[in-house]
Each structure stands twice: as structure tokens, then as C-alpha cells.
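The next block is entry_29.txt, given as compact mmCIF, C-alpha atoms.
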```txt
# COMPACT_ATOMS: atom_id res chain seq x y z
CA MET J 1 124.47 101.30 87.80
CA ILE J 2 125.89 98.61 90.11
CA SER J 3 127.40 101.24 92.39
CA ILE J 4 124.07 103.09 92.65
CA LEU J 5 122.31 99.82 93.44
CA THR J 6 124.78 98.83 96.17
CA THR J 7 125.13 102.30 97.72
CA TYR J 8 121.42 102.98 97.90
CA TRP J 9 120.26 99.39 98.36
CA PRO J 10 118.36 100.11 101.62
CA ASP J 11 116.40 102.90 99.88
CA PHE J 12 115.57 100.65 96.95
CA VAL J 13 114.38 97.91 99.32
CA GLU J 14 112.24 100.46 101.12
CA GLY J 15 110.76 101.55 97.79
CA LEU J 16 110.13 97.95 96.72
CA LYS J 17 108.30 97.34 100.00
CA TYR J 18 105.95 100.27 99.42
CA THR J 19 105.44 99.41 95.75
CA LEU J 20 104.63 95.79 96.52
CA SER J 21 102.37 96.53 99.47
CA ALA J 22 100.46 99.18 97.48
CA SER J 23 100.06 96.73 94.60
CA VAL J 24 98.94 93.81 96.76
CA LEU J 25 96.53 95.91 98.84
CA ALA J 26 95.15 97.48 95.67
CA LEU J 27 94.76 94.06 94.05
CA ILE J 28 92.77 92.70 96.99
CA GLY J 29 90.62 95.83 97.23
CA SER J 30 89.96 96.07 93.52
CA LEU J 31 89.16 92.35 93.24
CA ILE J 32 86.44 92.75 95.87
CA ILE J 33 84.99 95.96 94.40
CA GLY J 34 85.48 94.69 90.84
CA LEU J 35 83.59 91.47 91.59
CA ILE J 36 80.72 93.43 93.16
CA PHE J 37 80.37 95.70 90.14
CA ALA J 38 80.74 92.79 87.71
CA LEU J 39 77.83 91.08 89.48
CA PHE J 40 75.90 94.38 89.29
CA VAL J 41 76.37 94.52 85.55
CA ILE J 42 75.21 90.98 84.80
CA ASN J 43 72.36 91.25 87.32
CA PRO J 44 68.77 90.79 86.11
CA LEU J 45 67.81 93.99 88.01
CA LYS J 46 68.04 97.00 85.73
CA PRO J 47 68.89 99.74 88.30
CA LEU J 48 71.88 97.73 89.52
CA ARG J 49 73.02 97.14 85.94
CA VAL J 50 72.90 100.87 85.25
CA ILE J 51 74.86 101.71 88.42
CA GLY J 52 77.49 99.12 87.53
CA ARG J 53 77.84 100.38 83.95
CA ILE J 54 78.16 104.00 85.08
CA TYR J 55 80.86 103.13 87.61
CA ILE J 56 82.85 101.09 85.10
CA GLU J 57 82.59 103.63 82.27
CA ILE J 58 83.51 106.58 84.49
CA PHE J 59 86.63 105.09 85.99
CA ARG J 60 87.84 103.43 82.80
CA ASN J 61 87.76 106.76 81.01
CA ILE J 62 89.49 108.97 83.58
CA PRO J 63 93.27 108.94 84.08
CA LEU J 64 94.54 107.15 87.17
CA LEU J 65 96.48 110.27 88.07
CA VAL J 66 93.27 112.32 88.30
CA VAL J 67 91.67 109.73 90.60
CA ALA J 68 94.78 109.39 92.79
CA MET J 69 95.37 113.15 92.98
CA PHE J 70 91.72 113.64 93.95
CA PHE J 71 92.25 111.46 97.01
CA TYR J 72 95.55 113.15 97.80
CA ILE J 73 94.55 116.79 97.27
CA VAL J 74 90.82 117.01 97.86
CA MET J 75 89.93 114.21 100.29
CA PRO J 76 92.17 115.38 103.18
CA GLN J 77 89.71 118.28 103.55
CA PHE J 78 87.12 115.74 104.64
CA ILE J 79 89.28 112.91 105.99
CA PRO J 80 92.21 114.28 107.99
CA HIS J 81 95.57 112.47 108.10
CA LEU J 82 95.18 110.84 104.70
CA ASP J 83 98.80 110.27 103.70
CA GLY J 84 100.10 109.86 100.16
CA PHE J 85 100.44 106.11 100.36
CA THR J 86 96.85 105.57 101.53
CA ALA J 87 95.43 108.10 99.09
CA GLY J 88 97.37 106.52 96.23
CA THR J 89 96.30 103.01 97.16
CA ILE J 90 92.63 104.06 97.34
CA GLY J 91 93.03 105.70 93.93
CA LEU J 92 94.59 102.51 92.54
CA ILE J 93 91.76 100.40 93.98
CA ILE J 94 89.01 102.54 92.48
CA TYR J 95 90.70 102.85 89.09
CA THR J 96 91.69 99.18 88.79
CA SER J 97 88.36 97.85 90.07
CA ALA J 98 86.63 99.24 86.97
CA PHE J 99 88.99 97.22 84.74
CA ILE J 100 88.69 94.13 86.92
CA ALA J 101 84.89 94.41 86.89
CA GLU J 102 84.99 94.43 83.10
CA THR J 103 87.37 91.43 83.04
CA ILE J 104 85.20 89.42 85.44
CA ARG J 105 82.04 90.35 83.55
CA ALA J 106 83.55 89.09 80.30
CA GLY J 107 84.65 85.91 82.08
CA ILE J 108 81.20 85.25 83.51
CA GLU J 109 79.50 85.96 80.20
CA SER J 110 81.81 83.54 78.40
CA VAL J 111 80.39 80.70 80.53
CA ASP J 112 77.65 79.06 78.49
CA LEU J 113 74.15 80.36 79.31
CA GLY J 114 72.91 76.75 79.47
CA GLN J 115 74.96 76.29 82.64
CA MET J 116 72.92 78.89 84.50
CA GLU J 117 69.64 77.60 83.07
CA ALA J 118 70.49 74.00 83.96
CA ALA J 119 71.42 75.00 87.49
CA ARG J 120 68.24 77.05 87.90
CA SER J 121 66.02 74.27 86.57
CA ASN J 122 67.64 71.90 89.03
CA GLY J 123 66.19 74.07 91.79
CA MET J 124 69.18 76.28 92.62
CA SER J 125 68.58 79.95 93.38
CA TYR J 126 70.26 82.60 91.19
CA ILE J 127 72.89 83.22 93.85
CA GLN J 128 73.54 79.49 94.38
CA ALA J 129 73.89 78.90 90.64
CA MET J 130 76.27 81.85 90.39
CA ARG J 131 78.31 80.76 93.39
CA TYR J 132 78.57 77.02 92.68
CA ILE J 133 78.23 76.69 88.91
CA VAL J 134 79.09 79.86 86.97
CA LEU J 135 81.82 81.59 89.02
CA PRO J 136 84.07 78.49 89.38
CA GLN J 137 84.04 78.07 85.58
CA ALA J 138 84.62 81.76 84.99
CA LEU J 139 87.59 81.74 87.38
CA LYS J 140 89.83 79.79 85.02
CA ILE J 141 89.08 82.17 82.18
CA VAL J 142 89.72 85.31 84.19
CA ILE J 143 92.94 84.30 86.00
CA PRO J 144 95.36 85.24 83.17
CA PRO J 145 93.79 88.69 82.55
CA LEU J 146 93.64 89.29 86.32
CA GLY J 147 97.33 88.44 86.54
CA ASN J 148 97.97 91.01 83.85
CA GLN J 149 95.98 93.50 85.88
CA PHE J 150 98.35 92.82 88.77
CA VAL J 151 101.31 93.55 86.48
CA ASN J 152 99.55 96.80 85.53
CA LEU J 153 99.05 97.57 89.21
CA VAL J 154 102.76 97.23 89.94
CA LYS J 155 103.49 99.58 87.04
CA ASN J 156 100.66 101.98 87.88
CA SER J 157 101.67 102.12 91.54
CA SER J 158 104.43 104.42 90.30
CA VAL J 159 101.87 107.26 90.50
CA LEU J 160 102.58 107.13 94.23
CA ALA J 161 105.70 109.11 93.27
CA PHE J 162 103.38 112.07 92.63
CA LEU J 163 101.89 111.78 96.11
CA ALA J 164 105.00 111.26 98.23
CA GLY J 165 104.07 107.61 98.53
CA PHE J 166 107.64 106.36 99.15
CA ASP J 167 107.41 103.76 96.39
CA LEU J 168 110.22 102.58 94.12
CA MET J 169 109.75 105.43 91.64
CA TYR J 170 109.73 108.00 94.45
CA GLN J 171 112.93 106.62 95.97
CA GLY J 172 114.51 106.50 92.52
CA ASN J 173 113.72 110.16 91.97
CA LEU J 174 115.15 111.07 95.34
CA ILE J 175 118.38 109.22 94.54
CA ALA J 176 118.54 110.69 91.04
CA SER J 177 118.16 114.22 92.35
CA THR J 178 120.80 113.81 95.09
CA THR J 179 123.44 112.01 93.01
CA PHE J 180 122.66 113.60 89.61
CA LYS J 181 123.37 110.13 88.17
CA THR J 182 120.00 110.09 86.46
CA THR J 183 120.80 107.47 83.83
CA ASP J 184 122.18 104.89 86.24
CA THR J 185 119.44 105.46 88.79
CA TYR J 186 116.57 105.15 86.33
CA LEU J 187 118.16 102.05 84.79
CA ALA J 188 118.41 100.52 88.26
CA VAL J 189 114.79 101.41 89.02
CA GLY J 190 113.77 99.91 85.67
CA LEU J 191 115.64 96.71 86.44
CA LEU J 192 113.87 96.37 89.79
CA TYR J 193 110.46 96.95 88.18
CA LEU J 194 111.25 94.33 85.54
CA ILE J 195 112.18 91.81 88.24
CA LEU J 196 108.71 92.33 89.71
CA THR J 197 106.67 92.41 86.51
CA MET J 198 108.37 90.29 83.88
CA PRO J 199 108.22 86.81 85.45
CA LEU J 200 104.56 87.34 86.25
CA SER J 201 103.62 88.50 82.77
CA TYR J 202 105.47 85.56 81.20
CA LEU J 203 103.63 83.19 83.56
CA MET J 204 100.30 84.72 82.56
CA ARG J 205 101.14 84.38 78.88
CA TYR J 206 101.97 80.70 79.49
CA LEU J 207 98.70 80.12 81.36
CA GLU J 208 96.74 81.92 78.64
CA LYS J 209 98.19 79.65 75.98
CA HIS J 210 97.83 76.38 77.87
CA TRP J 211 94.49 76.93 79.49
CA SER J 212 92.88 78.29 76.37
CA THR J 213 93.88 75.24 74.30
CA GLY J 214 92.37 73.03 77.01
CA ALA J 215 89.23 75.11 77.40
CA ALA J 216 88.43 75.58 73.70
CA GLU J 217 85.40 73.64 72.50
CA MET O 1 78.31 126.56 94.55
CA GLN O 2 79.89 130.03 94.45
CA ASN O 3 83.26 128.25 94.20
CA PHE O 4 82.15 126.54 91.04
CA ILE O 5 80.95 129.78 89.44
CA ASP O 6 84.18 131.57 90.36
CA ALA O 7 86.37 128.67 89.31
CA TYR O 8 84.81 128.42 85.87
CA SER O 9 85.60 132.02 84.94
CA TRP O 10 86.40 132.72 81.31
CA VAL O 11 90.10 133.11 82.05
CA ASN O 12 90.27 129.77 83.86
CA LEU O 13 88.18 127.94 81.29
CA ARG O 14 90.36 129.24 78.49
CA PHE O 15 93.46 128.18 80.40
CA LEU O 16 91.99 124.68 80.87
CA LEU O 17 91.12 124.44 77.18
CA GLU O 18 94.68 125.45 76.26
CA GLY O 19 95.81 122.51 78.41
CA LEU O 20 93.27 120.28 76.72
CA TRP O 21 94.65 121.32 73.36
CA VAL O 22 98.20 120.27 74.39
CA THR O 23 96.81 116.95 75.66
CA ILE O 24 95.05 116.33 72.35
CA TYR O 25 98.01 117.53 70.28
CA VAL O 26 100.59 115.38 72.13
CA SER O 27 98.25 112.38 72.12
CA ALA O 28 97.42 112.69 68.43
CA ILE O 29 101.06 112.83 67.34
CA SER O 30 101.92 109.91 69.63
CA VAL O 31 98.97 107.92 68.29
CA VAL O 32 100.20 108.30 64.70
CA PHE O 33 103.83 107.49 65.46
CA SER O 34 103.09 104.62 67.81
CA PHE O 35 100.65 103.08 65.35
CA ILE O 36 103.23 103.11 62.54
CA ILE O 37 106.08 101.83 64.72
CA GLY O 38 103.81 99.35 66.49
CA ALA O 39 102.62 97.95 63.16
CA ILE O 40 106.20 97.50 61.92
CA LEU O 41 107.36 95.87 65.16
CA GLY O 42 104.30 93.65 65.37
CA PHE O 43 104.87 92.53 61.80
CA ILE O 44 108.55 91.77 62.49
CA ARG O 45 107.51 89.64 65.43
CA TYR O 46 104.91 87.84 63.33
CA VAL O 47 107.14 86.92 60.37
CA LYS O 48 109.82 85.40 62.63
CA ILE O 49 113.10 86.62 61.14
CA LYS O 50 115.90 84.66 62.81
CA TYR O 51 117.32 86.47 65.90
CA VAL O 52 115.76 89.81 64.86
CA SER O 53 112.21 88.86 65.82
CA ALA O 54 113.33 87.35 69.11
CA LEU O 55 115.30 90.46 69.96
CA VAL O 56 112.42 92.75 69.00
CA GLY O 57 110.09 90.57 71.05
CA PHE O 58 112.32 90.83 74.09
CA LEU O 59 112.60 94.62 73.79
CA ILE O 60 108.82 94.91 73.44
CA ASP O 61 108.35 92.81 76.57
CA VAL O 62 110.85 94.95 78.50
CA ILE O 63 109.07 98.19 77.59
CA ARG O 64 105.61 96.74 78.23
CA ASN O 65 106.67 95.75 81.72
CA LEU O 66 108.09 99.13 82.74
CA PRO O 67 106.00 101.96 84.20
CA LEU O 68 105.43 104.72 81.65
CA LEU O 69 106.33 107.25 84.34
CA LEU O 70 109.84 105.78 84.50
CA ILE O 71 110.21 106.08 80.72
CA ILE O 72 109.13 109.73 80.91
CA PHE O 73 111.67 110.43 83.65
CA PHE O 74 114.37 108.69 81.69
CA MET O 75 113.68 110.57 78.48
CA TYR O 76 113.56 113.95 80.20
CA PHE O 77 116.12 113.69 82.99
CA GLY O 78 118.16 110.67 81.91
CA LEU O 79 118.89 111.39 78.24
CA PRO O 80 120.91 114.59 78.88
CA ASN O 81 123.30 112.53 81.02
CA THR O 82 123.32 109.54 78.69
CA ILE O 83 123.76 110.96 75.21
CA GLY O 84 123.81 114.67 75.97
CA VAL O 85 120.46 115.41 74.34
CA ARG O 86 118.09 117.68 76.21
CA LEU O 87 114.57 117.30 74.86
CA SER O 88 111.83 119.88 75.31
CA THR O 89 108.95 118.75 77.51
CA VAL O 90 106.68 118.29 74.51
CA ASN O 91 109.23 116.18 72.63
CA ALA O 92 110.11 114.15 75.73
CA ALA O 93 106.41 113.45 76.31
CA ILE O 94 105.79 112.48 72.68
CA LEU O 95 108.89 110.27 72.59
CA SER O 96 108.02 108.47 75.85
CA LEU O 97 104.40 107.93 74.88
CA THR O 98 105.42 106.70 71.43
CA ILE O 99 107.96 104.22 72.80
CA PHE O 100 105.60 102.86 75.43
CA GLU O 101 102.44 102.68 73.33
CA SER O 102 104.13 101.28 70.22
CA ALA O 103 105.31 98.33 72.32
CA MET O 104 101.74 97.84 73.52
CA LEU O 105 100.36 98.14 69.98
CA ALA O 106 102.99 95.79 68.53
CA GLU O 107 101.75 93.04 70.84
CA ILE O 108 98.10 93.72 69.92
CA ILE O 109 98.92 93.69 66.20
CA ARG O 110 101.06 90.55 66.40
CA SER O 111 98.38 88.61 68.25
CA GLY O 112 95.71 89.96 65.89
CA ILE O 113 97.59 88.68 62.84
CA SER O 114 98.41 85.35 64.49
CA ALA O 115 94.76 84.83 65.36
CA VAL O 116 93.86 84.52 61.66
CA ASP O 117 93.73 80.84 60.75
CA THR O 118 97.00 79.64 59.16
CA GLY O 119 94.94 77.89 56.46
CA GLN O 120 94.08 81.32 55.08
CA MET O 121 97.73 82.07 54.36
CA GLU O 122 98.33 78.62 52.90
CA ALA O 123 95.28 78.84 50.66
CA ALA O 124 96.31 82.29 49.39
CA ARG O 125 99.87 81.16 48.76
CA SER O 126 98.78 78.02 46.91
CA ASN O 127 96.55 80.21 44.73
CA GLY O 128 99.69 81.90 43.49
CA MET O 129 99.79 84.98 45.72
CA SER O 130 103.12 86.17 47.05
CA PHE O 131 103.59 86.38 50.83
CA MET O 132 103.06 90.15 50.79
CA GLN O 133 99.97 89.89 48.57
CA ALA O 134 98.46 87.22 50.81
CA MET O 135 99.23 89.38 53.83
CA TRP O 136 97.75 92.53 52.34
CA TYR O 137 94.62 91.15 50.66
CA ILE O 138 93.76 88.12 52.78
CA ILE O 139 95.26 88.19 56.27
CA LEU O 140 95.29 91.88 57.26
CA PRO O 141 91.63 92.62 56.42
CA GLN O 142 90.57 89.72 58.62
CA ALA O 143 93.02 90.61 61.37
CA LEU O 144 91.91 94.25 61.34
CA ARG O 145 88.40 93.34 62.43
CA ARG O 146 89.77 91.70 65.57
CA MET O 147 92.37 94.36 66.21
CA VAL O 148 90.29 97.54 66.02
CA PRO O 149 88.68 97.39 69.49
CA PRO O 150 91.93 96.68 71.41
CA ILE O 151 93.85 99.24 69.33
CA VAL O 152 91.33 101.98 70.04
CA SER O 153 91.24 101.14 73.74
CA GLN O 154 95.03 101.43 73.68
CA PHE O 155 94.58 104.91 72.21
CA VAL O 156 92.22 105.70 75.08
CA SER O 157 94.97 104.60 77.47
CA LEU O 158 97.38 106.85 75.63
CA VAL O 159 95.21 109.92 76.16
CA LYS O 160 94.87 109.06 79.84
CA ASP O 161 98.58 108.27 80.18
CA SER O 162 99.54 111.64 78.71
CA SER O 163 98.47 113.13 82.05
CA LEU O 164 101.61 111.60 83.59
CA ALA O 165 103.71 114.06 81.61
CA THR O 166 102.53 116.73 84.04
CA ILE O 167 105.50 115.59 86.16
CA ILE O 168 107.93 117.06 83.63
CA LEU O 169 105.74 120.18 83.54
CA LEU O 170 104.21 119.54 80.14
CA PRO O 171 101.54 122.28 79.95
CA GLU O 172 98.69 119.82 79.37
CA LEU O 173 95.24 119.58 80.93
CA MET O 174 96.26 118.09 84.28
CA PHE O 175 99.09 120.57 84.74
CA HIS O 176 96.95 123.57 83.87
CA SER O 177 94.29 122.50 86.37
CA GLN O 178 97.01 122.25 89.03
CA VAL O 179 98.11 125.78 88.23
CA ILE O 180 94.54 127.03 88.71
CA TYR O 181 93.86 125.32 92.03
CA GLY O 182 97.37 126.18 93.13
CA GLN O 183 96.32 129.84 93.12
CA ASN O 184 93.09 129.31 95.02
CA THR O 185 92.46 126.16 97.02
CA ASN O 186 88.68 126.75 96.80
CA TYR O 187 88.97 125.77 93.15
CA MET O 188 90.22 122.25 93.88
CA ILE O 189 86.90 120.43 93.67
CA PRO O 190 85.66 122.37 90.61
CA MET O 191 88.97 121.67 88.86
CA PHE O 192 88.83 117.94 89.56
CA VAL O 193 85.25 117.88 88.30
CA ALA O 194 86.37 119.67 85.12
CA LEU O 195 89.30 117.24 84.68
CA ALA O 196 87.06 114.22 85.10
CA VAL O 197 84.47 115.58 82.66
CA LEU O 198 86.97 116.63 79.98
CA TYR O 199 88.99 113.41 80.06
CA PHE O 200 85.81 111.38 80.19
CA ILE O 201 84.38 113.10 77.11
CA ILE O 202 87.49 112.48 74.99
CA CYS O 203 88.00 108.89 76.12
CA PHE O 204 84.34 107.96 75.99
CA LEU O 205 83.97 109.35 72.47
CA LEU O 206 87.03 107.36 71.42
CA SER O 207 85.61 104.15 72.92
CA GLN O 208 82.29 104.73 71.20
CA LEU O 209 84.20 105.18 67.94
CA SER O 210 85.76 101.76 68.50
CA HIS O 211 82.31 100.15 68.90
CA LEU O 212 81.18 101.88 65.72
CA LEU O 213 84.23 100.74 63.76
CA ALA O 214 83.93 97.21 65.09
CA ARG O 215 80.31 97.04 63.94
CA LYS O 216 81.19 98.44 60.51
CA LEU O 217 84.07 96.01 59.96
CA GLY O 218 82.31 93.03 61.53
```

Please re-express this file's structure in C-alpha cells.
Amino acid sequence: MISILTTYWPDFVEGLKYTLSASVLALIGSLIIGLIFALFVINPLKPLRVIGRIYIEIFRNIPLLVVAMFFYIVMPQFIPHLDGFTAGTIGLIIYTSAFIAETIRAGIESVDLGQMEAARSNGMSYIQAMRYIVLPQALKIVIPPLGNQFVNLVKNSSVLAFLAGFDLMYQGNLIASTTFKTTDTYLAVGLLYLILTMPLSYLMRYLEKHWSTGAAE
Amino acid sequence: MQNFIDAYSWVNLRFLLEGLWVTIYVSAISVVFSFIIGAILGFIRYVKIKYVSALVGFLIDVIRNLPLLLIIFFMYFGLPNTIGVRLSTVNAAILSLTIFESAMLAEIIRSGISAVDTGQMEAARSNGMSFMQAMWYIILPQALRRMVPPIVSQFVSLVKDSSLATIILLPELMFHSQVIYGQNTNYMIPMFVALAVLYFIICFLLSQLSHLLARKLG
């Protein structure tokens, strides 16, 4: 395993770069879209609520691979020069945003209703109350689950391997198929994934424990 | 529109449904195995046997933090080189899904049991129940109520994740759709629509089942 890691180190680094950039880009994109749809769902306007629900239910119940492959196989007919990395990242954004929307919605709804009412009766508009009173309180509740979503993104970004996305999994497959040392290569790839995901998921578990004891009651 | 009519010919639809059957079959077997193994592992983590629980906990964390795709590759392409066992695609898919999802379920089950107030166990024990009795009659029924929704949503993930096994050419839904649009590129959009609809129906029904169960137990 060590020899595979040292011999093919540049390829692994290349793969890590693509995996990390896909994950970070997808996190930013899906946070923005997820927040928008979360606000849709808790909105007082019914049509927006319905749109938000439909979006969330559709993309939570369809495999990521189907969404990503759609952008890789079908979309290039309409958008030329859509490479595997971009298509995969768009797929990741759309898929993950549905989960993030649901996480943020749960976070917002766990903030006491009285907070919104108090803010409104003090003369704030709905948007002001949301922006200055509810969202800051929801933030602390949603950070650990959002961190876990990032861990999921790093793992899920391995679908880029289906789309020639040059990520860690893709590089690993390339190395495995040229050297035939499948065991060592996949163990090395696994180790690199664990270095990315494990510290973060332990941190999130720590935050969950400590923040929840502080926030209870 | 003509593309849709052509794409959904009887032959193609039957081929898709054959794929759907493999998806359901592989998922169902993995659900059963991963639930049993996950329950055992989660319980071992909860009861805190010296060294054993810590080791099991570490292994669970390792598997939870790996991409499922990597586990599938390892089981199909890695195992022949490691221990000389060549699994069929179906067995490799079932084994990978079971390993991955039982780690996920173990964590759900452990946290579900831990969430029951410790006073419940103490009260049952001081009323003369053995540890196992207290667990079975007092703790688990309460824990189950909390655990059902996350367990079912994990099963939904399992069904969706089974699509990844298309990479080892498991003849499931995703793979069969690729075969169809591989023959005629006009069928791409109809096939993706069919994929989305079929997966959505299974997963949505499962999620609705979880709401129903949660209401019944709660």
C-alpha cells in the first residue's frame, strides 16, 4: 500500500484536489439553494410552500447517480462543453440542496414560535425577524448536521468516477486497472478518504454533544 | 413525444421492470441483513464491553466515513486479490450494501437506545428485572419509537445507493436503462424520466410508510 501511495502520489494529489473542490463548490451551491427552498417551505405563502415541498421530496427520493448522470448524459445536448466534473458538481448541488433544505427547515422550526411573534410585534417585518432573530438562533442548531452533510458530500463526490470527473475514486480506479494491485490501491484510496472525512465527522459529533447540552431548555 | 412512445415499448418496459426487480431484490436482502447486523453492532456499542465496544465503534466510524462506491469496488475487484474470492455481481452488491448500511444502522440504533432516559433502566432493574428483561420490555419499545423514522430513511438511502452497483454491471434498474439508451440515444430523456419516476415511487412509498409507523408507535 505504501509503495502504491508513493509511486502514484501525484495522481492521488490530483484526485484529492478534484474531490475537495467538487465538495466545497457543491457545499456552497447547495447551501444557497437549500436555504432558498427551506425559506420556501416555511413561508406563509402556500404556492411557494408547495414548490419547496415538491423540490425537496423529488430530489430526496431519487438516487444521486440518476441526477448526476442526467447532467452528464442528457444536458450536453442543450449545453455544449459540459464536462464530467461540472456535470457531477451540478448533480451534487441539486441532490444535496434538498437534504440541506430539510435540515435548515428543521433548524428554523426548532426556534420557538414566540421569537418570531415577539419580533413581529416589536414592529419588525417578516424578513427582518427572519434575518435578525430566527436565522441566527437556527444557525447553531443546524451547524452539526450541515457539517455531516459536508462529510456526505466528500463521500458522494465519488460519483464523479462515473462521469470521468478526475476525482480520488476515478484516479484510484485508473491506478488499480494499470497496476492490477486492486487491494492496495483501494486501501490507499480509502485511507485518503478517511483523512478527509473522519476528523470532520468527529468534530461534528463533539459539537452536537456540547452545543445540545448548552442549548437544551 | 414520438421518442417517448417509442422508448416505452413493451420490450423496453419489460426490460426496465426486470432491472427494477433486481433493485428491489438486492435492496430487500440487504435491508434484512443490515438490520440484523446493525442491531447487534449497535447493541454491542451501547452495552460498553471493555475493548470490544470501542473496537466495534471504531470500525463502524471507519465504514461510515468511506464512500459506498469504494466499498463496492473493493468487494468486487479487491477481494479476488486479497483472499482469492471472486464474488458474483449480485453477491458483491449485497455484501457491500450490507456492510455499509449496517454501520449506518448501528449508529442509529445505538443513539436511539441511549436516548431513552437512564432512569428507566434503573427503575426496571430495581424492580427485579434482569438487564435483558429491562432492555426487552422497557428500553427497546421506547427506543423503537424514536428509531423508526431514521431507520426507514436509511432504507430509502439503501434503495437509492443500490444504483451505484451499476458500476460492477449489476443488472439493476439504472444499468438496464443505460442499456436501452445505449442502443438509441433518442431514448435518453424518456429513460431518465422513467428512472426518476420508478425510484421516486419506491422511495416515496417507503418514506410514507415511515410516517405511518411513527404515528402508530407514537

Between atom CA of J:Thr86 and atom CA of J:Gly165, measure the distance and give it in Å to one decimal.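 Going from atom CA of J:Thr86 over to atom CA of J:Gly165, I get 8.1 Å.
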
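Atom CA of J:Ile108 sits 16.6 Å away from atom CA of J:Glu208.
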
Under the rule that all atoms listed in the file are counted, which of J:Ser21, J:Gln171, J:Ser97, J:Thr197 is the nearest residue to J:Thr185? J:Gln171

For a test of reading the model, state the distance in Å between atom CA of J:Ile90 and atom CA of O:Met191, rounded to one decimal.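 Result for atom CA of J:Ile90 versus atom CA of O:Met191: 19.9 Å, one decimal.
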
Should the cut-off be 10 Å, what would the residue list for chain J against chain O look like, counting all atoms listed in the file, as a PyMOL selection string? chain J and resi 57-67+69-70+73-75+151-159+161-162+169+172-173+176-177+180-187+189-202

For stretch 93-116 of chain O, which lacks atoms in the input, supply N, CA and C atoms and format the output as a short mmCIF file (atom, residue, chain, number, x, y, z; two decimals), in the frame of the given file.
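Listed below is the output, rebuild_24.cif:
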```cif
data_model
loop_
_atom_site.label_atom_id
_atom_site.label_comp_id
_atom_site.auth_asym_id
_atom_site.auth_seq_id
_atom_site.Cartn_x
_atom_site.Cartn_y
_atom_site.Cartn_z
N ALA O 93 107.69 114.11 76.09
CA ALA O 93 106.41 113.45 76.31
C ALA O 93 106.02 112.62 75.09
N ILE O 94 106.17 113.20 73.90
CA ILE O 94 105.79 112.48 72.68
C ILE O 94 106.67 111.23 72.51
N LEU O 95 107.98 111.40 72.75
CA LEU O 95 108.89 110.27 72.59
C LEU O 95 108.55 109.15 73.57
N SER O 96 108.33 109.50 74.85
CA SER O 96 108.02 108.47 75.85
C SER O 96 106.72 107.76 75.52
N LEU O 97 105.69 108.55 75.20
CA LEU O 97 104.40 107.93 74.88
C LEU O 97 104.53 107.04 73.66
N THR O 98 105.28 107.49 72.65
CA THR O 98 105.42 106.70 71.43
C THR O 98 106.13 105.39 71.72
N ILE O 99 107.22 105.45 72.49
CA ILE O 99 107.96 104.22 72.80
C ILE O 99 107.07 103.24 73.54
N PHE O 100 106.41 103.75 74.59
CA PHE O 100 105.60 102.86 75.43
C PHE O 100 104.41 102.29 74.65
N GLU O 101 103.67 103.16 73.97
CA GLU O 101 102.44 102.68 73.33
C GLU O 101 102.74 101.86 72.08
N SER O 102 103.87 102.12 71.40
CA SER O 102 104.13 101.28 70.22
C SER O 102 104.47 99.86 70.65
N ALA O 103 105.09 99.70 71.83
CA ALA O 103 105.31 98.33 72.32
C ALA O 103 103.99 97.64 72.61
N MET O 104 103.06 98.40 73.23
CA MET O 104 101.74 97.84 73.52
C MET O 104 101.02 97.46 72.23
N LEU O 105 101.07 98.38 71.24
CA LEU O 105 100.36 98.14 69.98
C LEU O 105 100.99 96.99 69.20
N ALA O 106 102.33 96.88 69.25
CA ALA O 106 102.99 95.79 68.53
C ALA O 106 102.44 94.45 68.98
N GLU O 107 102.25 94.31 70.29
CA GLU O 107 101.75 93.04 70.84
C GLU O 107 100.31 92.80 70.36
N ILE O 108 99.50 93.87 70.37
CA ILE O 108 98.10 93.72 69.92
C ILE O 108 98.08 93.30 68.44
N ILE O 109 98.93 93.96 67.63
CA ILE O 109 98.92 93.69 66.20
C ILE O 109 99.45 92.30 65.90
N ARG O 110 100.52 91.90 66.61
CA ARG O 110 101.06 90.55 66.40
C ARG O 110 99.99 89.50 66.72
N SER O 111 99.33 89.65 67.88
CA SER O 111 98.38 88.61 68.25
C SER O 111 97.15 88.66 67.34
N GLY O 112 96.83 89.86 66.83
CA GLY O 112 95.71 89.96 65.89
C GLY O 112 95.99 89.22 64.59
N ILE O 113 97.23 89.37 64.09
CA ILE O 113 97.59 88.68 62.84
C ILE O 113 97.67 87.17 63.08
N SER O 114 98.26 86.79 64.24
CA SER O 114 98.41 85.35 64.49
C SER O 114 97.07 84.66 64.67
N ALA O 115 96.05 85.45 65.09
CA ALA O 115 94.76 84.83 65.36
C ALA O 115 94.04 84.40 64.08
N VAL O 116 94.47 84.94 62.93
CA VAL O 116 93.86 84.52 61.66
C VAL O 116 94.35 83.11 61.35
#
```
